[in-house]
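*Asks:* Just so it is clear, I am handing over model.cif, which has mmCIF, C-alpha atoms.
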```cif
data_structure
loop_
_atom_site.label_atom_id
_atom_site.label_comp_id
_atom_site.auth_asym_id
_atom_site.auth_seq_id
_atom_site.Cartn_x
_atom_site.Cartn_y
_atom_site.Cartn_z
CA MET A 1 -2.19 16.66 -4.56
CA SER A 2 1.04 15.83 -6.42
CA ALA A 3 1.19 13.31 -9.23
CA MET A 4 3.37 11.03 -7.13
CA HIS A 5 0.95 11.16 -4.20
CA THR A 6 -1.84 10.37 -6.60
CA ILE A 7 -0.04 7.24 -7.73
CA VAL A 8 0.83 6.06 -4.25
CA ALA A 9 -2.48 6.78 -2.56
CA CYS A 10 -4.31 3.79 -3.95
CA LEU A 11 -4.45 0.03 -3.77
CA LEU A 12 -1.36 -1.10 -5.56
CA LEU A 13 -1.08 -4.11 -7.83
CA ALA A 14 1.36 -3.97 -10.83
CA VAL A 15 1.12 -3.23 -14.47
CA PRO A 16 4.03 -2.58 -16.84
CA SER A 17 3.08 1.05 -17.51
CA VAL A 18 2.58 3.69 -14.83
CA SER A 19 -0.12 5.19 -17.04
CA ALA A 20 -2.36 2.22 -16.41
CA PHE A 21 -4.25 1.07 -13.32
CA ALA A 22 -3.42 4.03 -11.11
CA PRO A 23 -6.43 5.73 -9.55
CA HIS A 24 -6.08 8.21 -6.74
CA GLY A 25 -6.96 7.23 -3.21
CA GLY A 26 -9.26 9.49 -1.26
CA ALA A 27 -10.59 9.45 2.25
CA VAL A 28 -13.69 7.53 3.16
CA ARG A 29 -15.58 8.97 6.08
CA PRO A 30 -17.89 6.59 7.95
CA HIS A 31 -20.88 8.94 7.89
CA ARG A 32 -24.55 8.24 7.42
CA VAL A 33 -26.16 9.45 4.23
CA PRO A 34 -29.93 9.35 3.70
CA PRO A 35 -30.73 6.42 1.37
CA GLY A 36 -32.29 8.60 -1.29
CA ARG A 37 -29.42 11.02 -1.60
CA VAL A 38 -26.91 10.67 -4.41
CA VAL A 39 -23.33 10.70 -3.21
CA CYS A 40 -20.45 11.70 -5.47
CA CYS A 41 -16.80 10.97 -4.74
CA ALA A 42 -13.87 12.72 -6.38
CA ALA A 43 -12.73 11.03 -9.59
CA GLU A 44 -9.78 11.28 -11.92
CA SER A 45 -11.61 10.81 -15.19
CA SER A 46 -12.53 13.83 -17.29
CA ALA A 47 -13.92 12.11 -20.35
CA ALA A 48 -16.91 13.69 -22.01
CA GLY A 49 -20.28 12.07 -21.51
CA GLY A 50 -21.77 9.95 -24.25
CA SER A 51 -18.52 8.34 -25.28
CA THR A 52 -18.95 5.03 -27.10
CA THR A 53 -15.88 3.70 -25.27
CA GLY A 54 -17.75 3.68 -21.99
CA ALA A 55 -15.33 6.17 -20.42
CA PRO A 56 -17.22 8.14 -17.79
CA PRO A 57 -17.51 11.89 -17.25
CA SER A 58 -15.81 13.34 -14.15
CA ALA A 59 -18.94 12.47 -12.19
CA SER A 60 -21.46 9.87 -13.27
CA ALA A 61 -24.99 11.11 -13.85
CA PRO A 62 -27.21 9.41 -11.26
CA ASP A 63 -30.42 7.64 -12.14
CA SER A 64 -33.12 9.76 -10.54
CA ASN A 65 -35.75 7.04 -11.00
CA VAL A 66 -34.41 4.92 -8.13
CA SER A 67 -36.63 5.08 -5.07
CA ASP A 68 -35.40 5.06 -1.47
CA ASN A 69 -36.79 1.61 -0.77
CA GLU A 70 -34.62 0.12 -3.54
CA ILE A 71 -31.46 1.08 -1.64
CA PRO A 72 -30.55 -1.35 1.17
CA THR A 73 -29.62 0.09 4.53
CA LEU A 74 -28.92 -3.09 6.51
CA LEU A 75 -25.26 -3.30 5.56
CA PRO A 76 -23.13 -5.00 8.26
CA SER A 77 -19.59 -3.87 9.06
CA ASP A 78 -17.17 -5.03 11.73
CA CYS A 79 -15.30 -1.74 11.35
CA GLY A 80 -18.14 0.73 11.73
CA MET A 81 -18.06 1.56 8.03
CA ASP A 82 -21.18 3.04 6.48
CA TYR A 83 -21.92 1.36 3.16
CA VAL A 84 -25.13 3.25 2.40
CA PRO A 85 -23.19 5.67 0.17
CA LEU A 86 -21.84 2.71 -1.83
CA ALA A 87 -25.31 1.19 -2.08
CA THR A 88 -26.68 4.54 -3.27
CA MET A 89 -23.99 4.96 -5.90
CA LEU A 90 -24.49 1.46 -7.26
CA ALA A 91 -28.28 1.67 -7.18
CA THR A 92 -28.25 4.95 -9.10
CA GLY A 93 -25.68 3.81 -11.66
CA GLN A 94 -22.78 5.90 -10.37
CA LEU A 95 -20.25 3.18 -11.04
CA LEU A 96 -17.27 5.51 -11.30
CA GLU A 97 -17.92 6.83 -7.81
CA ALA A 98 -18.76 3.38 -6.44
CA ASP A 99 -15.50 2.03 -7.81
CA GLN A 100 -13.50 4.76 -6.06
CA PHE A 101 -15.47 4.37 -2.83
CA THR A 102 -14.68 0.65 -2.82
CA ARG A 103 -10.92 1.18 -3.07
CA ASP A 104 -11.03 3.91 -0.42
CA ALA A 105 -13.09 1.67 1.87
CA LEU A 106 -10.54 -1.14 1.62
CA ILE A 107 -7.87 1.26 2.86
CA VAL A 108 -9.96 1.86 5.96
CA ILE A 109 -11.14 -1.68 6.72
CA ALA A 110 -7.71 -3.21 6.12
CA GLY A 111 -6.35 -0.94 8.85
CA SER A 112 -4.03 0.93 6.50
CA LYS A 113 -5.70 4.29 7.12
CA GLY A 114 -5.26 3.87 10.85
CA LYS A 115 -1.53 3.39 10.28
CA GLY A 116 -1.33 6.67 8.40
CA ARG A 117 -1.21 5.20 4.91
CA ASP A 118 -3.49 5.72 1.92
CA PHE A 119 -2.73 2.38 0.32
CA VAL A 120 -3.00 -1.27 1.29
CA TYR A 121 -0.13 -3.73 1.61
CA PHE A 122 -0.94 -7.21 0.30
CA SER A 123 -0.08 -8.54 3.76
CA GLU A 124 -2.95 -6.52 5.23
CA VAL A 125 -5.67 -8.13 3.13
CA LYS A 126 -6.00 -10.89 5.72
CA ASP A 127 -7.09 -8.21 8.20
CA ILE A 128 -10.12 -7.22 6.12
CA PRO A 129 -13.16 -8.62 7.95
CA ASN A 130 -15.24 -11.19 6.11
CA THR A 131 -18.32 -9.22 7.10
CA ASP A 132 -17.22 -6.07 5.32
CA LEU A 133 -15.92 -7.75 2.19
CA ALA A 134 -19.16 -9.72 1.97
CA THR A 135 -21.24 -6.55 2.28
CA ILE A 136 -19.26 -4.85 -0.47
CA GLU A 137 -19.52 -7.91 -2.71
CA ARG A 138 -23.26 -8.35 -2.26
CA LEU A 139 -23.83 -4.73 -3.25
CA TRP A 140 -21.71 -4.98 -6.39
CA GLN A 141 -23.38 -8.23 -7.40
CA ARG A 142 -26.89 -7.03 -6.61
CA PHE A 143 -26.72 -3.88 -8.69
CA SER A 144 -24.79 -5.41 -11.59
CA GLY A 145 -26.93 -8.51 -11.93
CA GLY A 146 -24.01 -10.67 -10.85
CA LYS A 147 -21.66 -9.15 -13.43
CA PHE A 148 -19.24 -7.27 -11.15
CA GLY A 149 -17.42 -8.07 -7.94
CA TYR A 150 -14.28 -9.66 -6.53
CA SER A 151 -15.81 -13.15 -6.47
CA VAL A 152 -16.61 -12.76 -10.17
CA GLN A 153 -13.01 -11.76 -10.81
CA LYS A 154 -11.86 -14.75 -8.76
CA ASN A 155 -13.69 -17.08 -11.13
CA VAL A 156 -12.12 -15.36 -14.15
CA TRP A 157 -8.71 -15.59 -12.48
CA ARG A 158 -9.22 -19.32 -12.02
CA LEU A 159 -10.23 -19.75 -15.67
CA SER A 160 -7.14 -17.74 -16.63
CA LYS A 161 -5.01 -20.19 -14.62
CA GLY A 162 -3.48 -17.32 -12.68
CA ASP A 163 -2.10 -15.65 -15.80
CA PHE A 164 -2.45 -11.90 -15.22
CA GLU A 165 -2.24 -10.99 -18.90
CA VAL A 166 -4.98 -13.46 -19.82
CA PHE A 167 -7.04 -12.27 -16.85
CA CYS A 168 -6.79 -8.63 -17.98
CA LYS A 169 -7.92 -9.51 -21.49
CA LYS A 170 -10.91 -11.49 -20.26
CA ILE A 171 -12.25 -8.71 -18.04
CA GLY A 172 -11.52 -5.88 -20.45
CA TRP A 173 -8.56 -4.23 -18.72
CA THR A 174 -6.61 -4.09 -21.99
CA THR A 175 -7.07 -2.22 -25.25
CA THR A 176 -5.21 -1.89 -28.55
CA ASP A 177 -3.46 0.98 -30.29
CA GLY A 178 -3.23 -0.29 -33.84
CA ASP A 179 -1.44 -3.62 -33.54
CA VAL A 180 -0.15 -2.92 -30.03
CA GLU A 181 -2.03 -4.26 -27.04
CA ARG A 182 -1.67 -2.38 -23.75
CA LYS A 183 -3.34 -1.92 -20.38
CA LYS A 184 -6.11 0.66 -20.27
CA LYS A 185 -5.30 4.07 -18.83
CA TRP A 186 -6.69 5.50 -15.61
CA PHE A 187 -5.18 8.99 -15.88
CA GLY A 188 -6.98 11.79 -17.72
CA ALA A 189 -9.88 10.34 -19.68
CA SER A 190 -10.36 6.90 -18.18
CA GLU A 191 -10.55 4.10 -20.72
CA PHE A 192 -12.39 1.78 -18.36
CA ILE A 193 -16.09 1.04 -18.78
CA TYR A 194 -18.52 2.23 -16.12
CA ASP A 195 -21.60 0.77 -17.73
CA VAL A 196 -23.17 -2.54 -16.70
CA LYS A 197 -24.43 -3.26 -20.20
CA LYS A 198 -21.18 -2.46 -22.02
CA ALA A 199 -18.52 -3.74 -19.64
CA PRO A 200 -17.23 -7.34 -19.74
CA LYS A 201 -17.98 -9.63 -16.82
CA GLY A 202 -15.61 -8.94 -13.93
CA HIS A 203 -14.57 -5.50 -15.24
CA LEU A 204 -15.28 -3.80 -11.92
CA PRO A 205 -14.19 -3.02 -9.27
CA LEU A 206 -10.78 -1.91 -10.50
CA THR A 207 -7.56 -2.51 -8.61
CA SER A 208 -4.32 -0.77 -9.51
CA ALA A 209 -1.39 -2.91 -10.61
CA LEU A 210 1.63 -0.70 -10.20
CA ARG A 211 3.59 -2.82 -7.74
CA GLY A 212 2.87 -6.39 -8.67
CA THR A 213 -0.10 -8.73 -8.57
CA ALA A 214 0.30 -9.77 -4.92
CA LEU A 215 -2.53 -7.58 -3.66
CA LEU A 216 -4.92 -8.71 -6.37
CA LYS A 217 -4.13 -12.34 -5.63
CA LYS A 218 -4.72 -11.81 -1.92
CA LEU A 219 -8.07 -10.13 -2.55
CA LEU A 220 -9.19 -12.93 -4.84
CA THR A 221 -8.10 -15.62 -2.39
CA HIS A 222 -9.48 -13.98 0.76
CA PRO A 223 -11.03 -16.57 3.13
CA VAL A 224 -14.48 -15.02 2.65
CA TRP A 225 -14.67 -16.74 -0.76
CA ASP A 226 -13.96 -20.19 0.69
CA ASP A 227 -17.69 -20.88 0.95
CA ASP A 228 -21.01 -19.26 0.04
CA GLU A 229 -21.72 -17.69 3.42
CA TRP A 230 -20.97 -14.25 2.01
CA LYS A 231 -23.99 -14.54 -0.29
CA LYS A 232 -26.45 -14.62 2.61
CA GLU A 233 -28.33 -11.36 3.08
CA PRO A 234 -28.31 -10.03 6.67
CA VAL A 235 -31.47 -10.47 8.69
CA LYS A 236 -32.75 -7.86 11.13
#
```
If you convert what's in this file into structure tokens, what do you get?

*Replies:*
Amino acid sequence: MSAMHTIVACLLLAVPSVSAFAPHGGAVRPHRVPPGRVVCCAAESSAAGGSTTGAPPSASAPDSNVSDNEIPTLLPSDCGMDYVPLATMLATGQLLEADQFTRDALIVIAGSKGKGRDFVYFSEVKDIPNTDLATIERLWQRFSGGKFGYSVQKNVWRLSKGDFEVFCKKIGWTTTDGDVERKKKWFGASEFIYDVKKAPKGHLPLTSALRGTALLKKLLTHPVWDDDEWKKEPVK
């Protein structure tokens, strides 16, 4: 995959530097995975494990102590998407993989994949079913103790009064090189934090910001957040 394809094949939202907020976009296949099996998606980061910055290795080490019955399997989708892999990743602490899966899933459920594209236009966010976005959000909130998720980011966005720079600072999407503040890098060794205990509230899931903040704004103002219906767990 070329560097340019890597940049384009993702959810695009804009940041001043092309070195920041630019994950690759992979394919999400709606297949069923046994609840107890750990699922790993391809990732860009190659940071060494044990880093105090929270940067992940190329594949997060799963928590083998999670039992099958801790991973939910009743995960509604209006698009036929299988969210058991996402639930498994989050339950076993594979936040790097869960983050990538989430972006890839949005490409599918927004209809972008069906149109032959590996990225989402901001105008397509309205086509994302409430059911699917709610399922994704409940999983992120459940396995982060309410720390991660789009609705969490929406609240931070509101407190930031719609100021993207302030928003990035609050959720830890910026860092400093000496006296210079900049956006964190996604290429090479990721500078983002894939650790529930270390990351600021709202840090995940990540959304690229290469082409403006329109997509981010649309995600954070999706109709699913208009009330608390999304919080309700599905009943068999």

*Asks:* Could you tell me, as a VMD selection string, exactly which residues end up selected when the PyMOL selection byres ((chain A and resi 117) around 10) is applied to this structure?

*Replies:* chain A and resid 8 to 10 107 to 108 111 to 116 118 to 121

*Asks:* For the provided coordinates, the residues matched by the PyMOL selection byres ((chain A and resi 95) around 9) should be stated as an MDAnalysis selection string.

*Replies:* chainID A and resid 56 60 89:90 92:94 96:100 194:196 204:205

*Asks:* Between A:Leu206, A:Ser77, A:Gly212, A:Thr176, single out the one closest to Gln153 (chain A), counting all atoms listed in the file.

*Replies:*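 With all atoms listed in the file as the atom set, the closest residue is A:Leu206.
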
*Asks:* Report the residues retrieved by the PyMOL selection byres ((chain A and resi 165) around 12) from the displayed file, expressed as an MDAnalysis selection string.

*Replies:* chainID A and resid 14:16 156:157 160:164 166:175 181:183 209 213

*Asks:* Measuring atom to atom with all atoms listed in the file, identify which of A:Cys79, A:Leu139, A:Glu233, A:Pro72 is nearest to Ala110 (chain A).

*Replies:*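 Closest residue, counting all atoms listed in the file: A:Cys79.
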
*Asks:* Counting all atoms listed in the file, which residues come within 7 Å of (-29.5, 2.1, 5.8), with the point read in the file's coordinates, and could you list them as an NGL selection string?

*Replies:* :A and (35 or 72-75 or 84)

*Asks:* Point out the residue among A:Glu124, A:Arg103, A:Thr135, A:Lys201 with the least atom-to-atom distance to Tyr83 (chain A), counting only C-alpha atoms.

*Replies:*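 Closest candidate: A:Thr135.
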
*Asks:* Quick check, in Å to one decimal: how far apart do CA of Thr207 (chain A) and CA of Thr102 (chain A) lie?

*Replies:*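 For CA of Thr207 (chain A) relative to CA of Thr102 (chain A), the distance reads 9.7 Å.
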
*Asks:* Please, what distance in Å, to one decimal, runs between CA of Ala214 (chain A) and CA of Gly145 (chain A)?

*Replies:* 28.1 Å

*Asks:* Expressed in Å to a single decimal, how great is the separation between CA of Ile109 (chain A) and CA of Ile128 (chain A)?

*Replies:*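 One can read the CA of Ile109 (chain A) to CA of Ile128 (chain A) distance as 5.7 Å.
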
*Asks:* Restricting the calculation to only C-alpha atoms: of A:Ile71, A:Ala134, A:Met81, A:Ala105, which residue gets closest to Asp226 (chain A)?

*Replies:*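 Comparing A:Ile71, A:Ala134, A:Met81, A:Ala105 against Asp226 (chain A), the winner is A:Ala134.
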
*Asks:* Box in all listed atoms of region 189-196 of chain A, axis-aligned, with 5 Å more on each side; write out centre and edge lengths in Å to one decimal as lines of an AutoDock Vina configuration file.

*Replies:*
```
center_x = -16.5
center_y = 3.9
center_z = -18.4
size_x = 23.3
size_y = 22.9
size_z = 14.6
```

*Asks:* Calculated over only C-alpha atoms, which of the candidates A:Gly146, A:Asp132, A:Val235, A:Glu137 has the smallest distance to Pro200 (chain A)?

*Replies:* A:Gly146

*Asks:* Excluding His222 (chain A) and residues on its chain fewer than 4 positions from it, collect all residues at most 10 Å away from it, counting all atoms listed in the file, and give them as a list in words.

*Replies:* Val125, Lys126, Asp127, Ile128, Pro129, Asn130, Leu133, Tyr150, Ser151, Lys154, Leu216, Lys217, Lys218 and Asp226 of chain A

*Asks:* Between A:Phe187, A:Leu215, A:Thr131, A:Ala91, which is the closest to Lys231 (chain A) once you count only C-alpha atoms?

*Replies:* A:Thr131
